Amino acid sequence: MANNNLFSDFDAVTSKQLKQQIQYELKGADYNETLVWESPEGIKVKPFYHNDETEVNLNAIAPSKPFTIVQNIFVHDVKKSNSRALETLKRGAESIRFTIENDTVSVEELMQKLPFENVIYYFNLPFLSNDFVTKINDFASKNKVNIYVQVDPIGQLEKEGNWFEFLEKDFEKLNAIATKTTIPFLTISSGVYQNAGANIVQQLAYTLAHANEYFNRIPAINQPIVIEVAVGTNYFFEIAKLRALRLLFNTVAKEYNHNFDCHIIATPSKRNKTLYDYNVNMLRTTTECMSAILGGADAVANLAYDAIYHKDNEFGDRISRNQLLVLKHESYFDKVNNASDGAYYIETLTEQLAEKALELFKDIEKNGGLLSQLVDGTIQRKIKESADKEQDLFDSGKEVLLGTNKYPNKNDRMKDDLELYPFVKQNPRKTLITPIIERRLAEKLEQDRLASE
């Protein structure tokens, strides 16, 4: 009979022996100064992790089903959006997320002839209407279709600086929706933290505080909560981030007797995407989607390589969808639900990120909670501090974006190819709080290059 233990012929090596060998190879150089580096979150990363030094047993919860491929569709014309949804489902999309701009859209017309079995539909609403959510809920119940409504008044406040109406009215509506609907209706739009430059510990803590505000103010949440996450470029840290997020959310949710796991939708970050040498964006989004899948995202909505400067187009959508199809059907990323479970490095990162985020979350709650700290500007200030540190690293060349601040192609010309304004838009208006501003690292450099074309 063949020996199933492939490593039984090798002597075990302890972490102490490995360190001794490494120290010998360094020829007198300091181990900690040479090989141990510190992340922006204050986590010291070692060159190797060993089971005799690892006592992590997180039992992180993984999704019960493989990730689904989400196609984003902005609904400007209902018939065209319906036709596009039908076409993208035929081409490999497994879920559709409709972003609907107002409550005049006919749900029946938008969903006409779309398959209802084994497909999840997300209705992302940048407005708050009880009647419209009720219509969606009634349609879902009548047709037995799996629909998630995405509404996030706190996210609206953070991004725009104002509530949909005002705090009391928005939560009055949410509480009414909570008691009348059976489908999930609440979303935590945590991507704004990452895209604005918050470090990973801040992202986790602010997302947790975001959720805690809803648990405190809406007692009757009897549906899963959607968490939208932006995934950055730090591959293993991003895997650990999603694992820590699920762990932290379930820890807080249990305190409110909320027994539903969160539903995580992951999208690649915009922060590191570039206008010049834009094809490199496909490499960035591929690794970011890999992190999202290995971190346990329930759904992944990829970002088109040209999303920052082109309007939605068939080619960009097809390429971004095909990236996920390759990961799922050719790289077999759907075969194991918790592939990173037991990896000493990722388990250790998950534990450290969760501990640091929980500590920051407790500090936020001790000082009045997320909304209070948004009003006094604490959250915005902390994010800006982290963003400025990262910007300094980019400007000095220590943080590299290939094709932009490293090995740029001076012959690239983009001025005549811009369909969308790719930089922070100035929109002077009266706001209740200072909005959290999403900003890409390469914006200043790209503006200078465009001006010199």
# chains A, B, ... in the order shown; residues from 1 in each chain; ligands from 1
call {"tool": "residues_around", "arguments": {"residues": "stretch 300-303 of chain A", "least_positions_apart": "6", "cutoff": "8 Å", "atoms": "only C-alpha atoms", "output": "PyMOL selection string"}}
result
chain A and resi 67-72+265-268+285+289+292-293+320-321+324
call {"tool": "closest_atom_pairs", "arguments": {"of": "stretch 71-166 of chain A", "to": "stretch 182-202 of chain A", "cutoff": "10 Å", "atoms": "only C-alpha atoms", "output": "CSV"}}
result
residue,atom,partner,partner_atom,distance
A:Tyr122,CA,A:Pro184,CA,9.7
A:Phe123,CA,A:Phe185,CA,9.1
A:Asn124,CA,A:Thr187,CA,9.0
A:Leu125,CA,A:Phe185,CA,9.9
A:Val133,CA,A:Phe185,CA,7.9
A:Thr134,CA,A:Thr182,CA,9.7
A:Ile136,CA,A:Ile183,CA,8.8
A:Asn137,CA,A:Ile183,CA,6.2
A:Asp138,CA,A:Thr182,CA,9.2
A:Ala140,CA,A:Ile183,CA,7.8
A:Ser141,CA,A:Thr182,CA,8.2
A:Val145,CA,A:Ile183,CA,9.9
A:Asn146,CA,A:Ile183,CA,8.0
A:Ile147,CA,A:Ile183,CA,6.6
A:Tyr148,CA,A:Pro184,CA,5.1
A:Val149,CA,A:Phe185,CA,4.4
A:Gln150,CA,A:Thr187,CA,5.1
A:Val151,CA,A:Leu186,CA,5.2
A:Asp152,CA,A:Thr187,CA,5.3
A:Pro153,CA,A:Thr187,CA,8.9
A:Ile154,CA,A:Ile188,CA,8.0
A:Gly155,CA,A:Ser189,CA,5.7
A:Gln156,CA,A:Ser189,CA,8.8
A:Glu158,CA,A:Val192,CA,8.1
A:Lys159,CA,A:Val192,CA,7.3
call {"tool": "write_last_selection", "arguments": {"atoms": "N, CA and C atoms", "output": "mmCIF file, in the first residue's frame"}}
result
data_model
loop_
_atom_site.group_PDB
_atom_site.id
_atom_site.type_symbol
_atom_site.label_atom_id
_atom_site.label_comp_id
_atom_site.auth_asym_id
_atom_site.auth_seq_id
_atom_site.Cartn_x
_atom_site.Cartn_y
_atom_site.Cartn_z
ATOM 1 N N TYR A 122 -29.549 42.073 -7.397
ATOM 2 C CA TYR A 122 -29.348 43.157 -6.430
ATOM 3 C C TYR A 122 -29.964 44.427 -6.996
ATOM 4 N N PHE A 123 -30.749 45.122 -6.175
ATOM 5 C CA PHE A 123 -31.314 46.411 -6.567
ATOM 6 C C PHE A 123 -30.633 47.482 -5.726
ATOM 7 N N ASN A 124 -29.647 48.152 -6.311
ATOM 8 C CA ASN A 124 -28.891 49.189 -5.615
ATOM 9 C C ASN A 124 -29.629 50.519 -5.765
ATOM 10 N N LEU A 125 -30.079 51.070 -4.643
ATOM 11 C CA LEU A 125 -30.914 52.276 -4.690
ATOM 12 C C LEU A 125 -30.185 53.463 -4.057
ATOM 13 N N VAL A 133 -39.382 49.961 -2.286
ATOM 14 C CA VAL A 133 -38.863 48.737 -1.679
ATOM 15 C C VAL A 133 -39.993 47.726 -1.493
ATOM 16 N N THR A 134 -41.178 48.205 -1.129
ATOM 17 C CA THR A 134 -42.335 47.319 -0.986
ATOM 18 C C THR A 134 -42.696 46.669 -2.324
ATOM 19 N N ILE A 136 -40.632 46.005 -4.781
ATOM 20 C CA ILE A 136 -39.610 44.994 -5.058
ATOM 21 C C ILE A 136 -39.862 43.753 -4.204
ATOM 22 N N ASN A 137 -40.196 43.970 -2.942
ATOM 23 C CA ASN A 137 -40.464 42.856 -2.034
ATOM 24 C C ASN A 137 -41.658 42.030 -2.514
ATOM 25 N N ASP A 138 -42.723 42.715 -2.935
ATOM 26 C CA ASP A 138 -43.918 42.019 -3.431
ATOM 27 C C ASP A 138 -43.596 41.220 -4.688
ATOM 28 N N ALA A 140 -40.662 39.993 -5.522
ATOM 29 C CA ALA A 140 -39.823 38.858 -5.132
ATOM 30 C C ALA A 140 -40.657 37.736 -4.518
ATOM 31 N N SER A 141 -41.605 38.097 -3.658
ATOM 32 C CA SER A 141 -42.453 37.091 -3.010
ATOM 33 C C SER A 141 -43.364 36.393 -4.014
ATOM 34 N N VAL A 145 -38.270 34.948 -6.439
ATOM 35 C CA VAL A 145 -36.969 35.321 -6.975
ATOM 36 C C VAL A 145 -36.107 35.865 -5.840
ATOM 37 N N ASN A 146 -34.830 35.547 -5.896
ATOM 38 C CA ASN A 146 -33.893 35.939 -4.840
ATOM 39 C C ASN A 146 -33.385 37.351 -5.113
ATOM 40 N N ILE A 147 -33.870 38.322 -4.341
ATOM 41 C CA ILE A 147 -33.522 39.732 -4.551
ATOM 42 C C ILE A 147 -32.968 40.322 -3.258
ATOM 43 N N TYR A 148 -31.887 41.080 -3.407
ATOM 44 C CA TYR A 148 -31.337 41.882 -2.316
ATOM 45 C C TYR A 148 -31.520 43.351 -2.690
ATOM 46 N N VAL A 149 -32.212 44.102 -1.854
ATOM 47 C CA VAL A 149 -32.281 45.552 -2.018
ATOM 48 C C VAL A 149 -31.099 46.159 -1.278
ATOM 49 N N GLN A 150 -30.425 47.119 -1.908
ATOM 50 C CA GLN A 150 -29.261 47.750 -1.295
ATOM 51 C C GLN A 150 -29.561 49.221 -0.998
ATOM 52 N N VAL A 151 -29.778 49.497 0.286
ATOM 53 C CA VAL A 151 -30.023 50.860 0.759
ATOM 54 C C VAL A 151 -29.068 51.124 1.913
ATOM 55 N N ASP A 152 -28.440 52.299 1.918
ATOM 56 C CA ASP A 152 -27.451 52.617 2.955
ATOM 57 C C ASP A 152 -27.437 54.116 3.238
ATOM 58 N N PRO A 153 -28.343 54.587 4.124
ATOM 59 C CA PRO A 153 -28.359 56.028 4.447
ATOM 60 C C PRO A 153 -27.059 56.535 5.070
ATOM 61 N N ILE A 154 -26.398 55.713 5.896
ATOM 62 C CA ILE A 154 -25.133 56.155 6.485
ATOM 63 C C ILE A 154 -24.077 56.288 5.394
ATOM 64 N N GLY A 155 -24.075 55.348 4.446
ATOM 65 C CA GLY A 155 -23.169 55.459 3.313
ATOM 66 C C GLY A 155 -23.444 56.699 2.488
ATOM 67 N N GLN A 156 -24.732 57.052 2.342
ATOM 68 C CA GLN A 156 -25.114 58.280 1.649
ATOM 69 C C GLN A 156 -24.556 59.497 2.365
ATOM 70 N N GLU A 158 -21.924 59.603 4.359
ATOM 71 C CA GLU A 158 -20.468 59.626 4.264
ATOM 72 C C GLU A 158 -20.002 60.112 2.892
ATOM 73 N N LYS A 159 -20.673 59.679 1.858
ATOM 74 C CA LYS A 159 -20.219 60.001 0.504
ATOM 75 C C LYS A 159 -20.659 61.386 0.044
#
call {"tool": "atom_distance", "arguments": {"atom1": "atom CA of A:Asn32", "atom2": "atom CA of A:Phe48"}}
result
12.2 Å
call {"tool": "residues_around", "arguments": {"residues": "stretch 17-30 of chain A", "least_positions_apart": "5", "cutoff": "10 Å", "atoms": "only C-alpha atoms", "output": "list in words"}}
result
Ala12, Leu35, Val36, Pro47, Phe48 and His50 of chain A
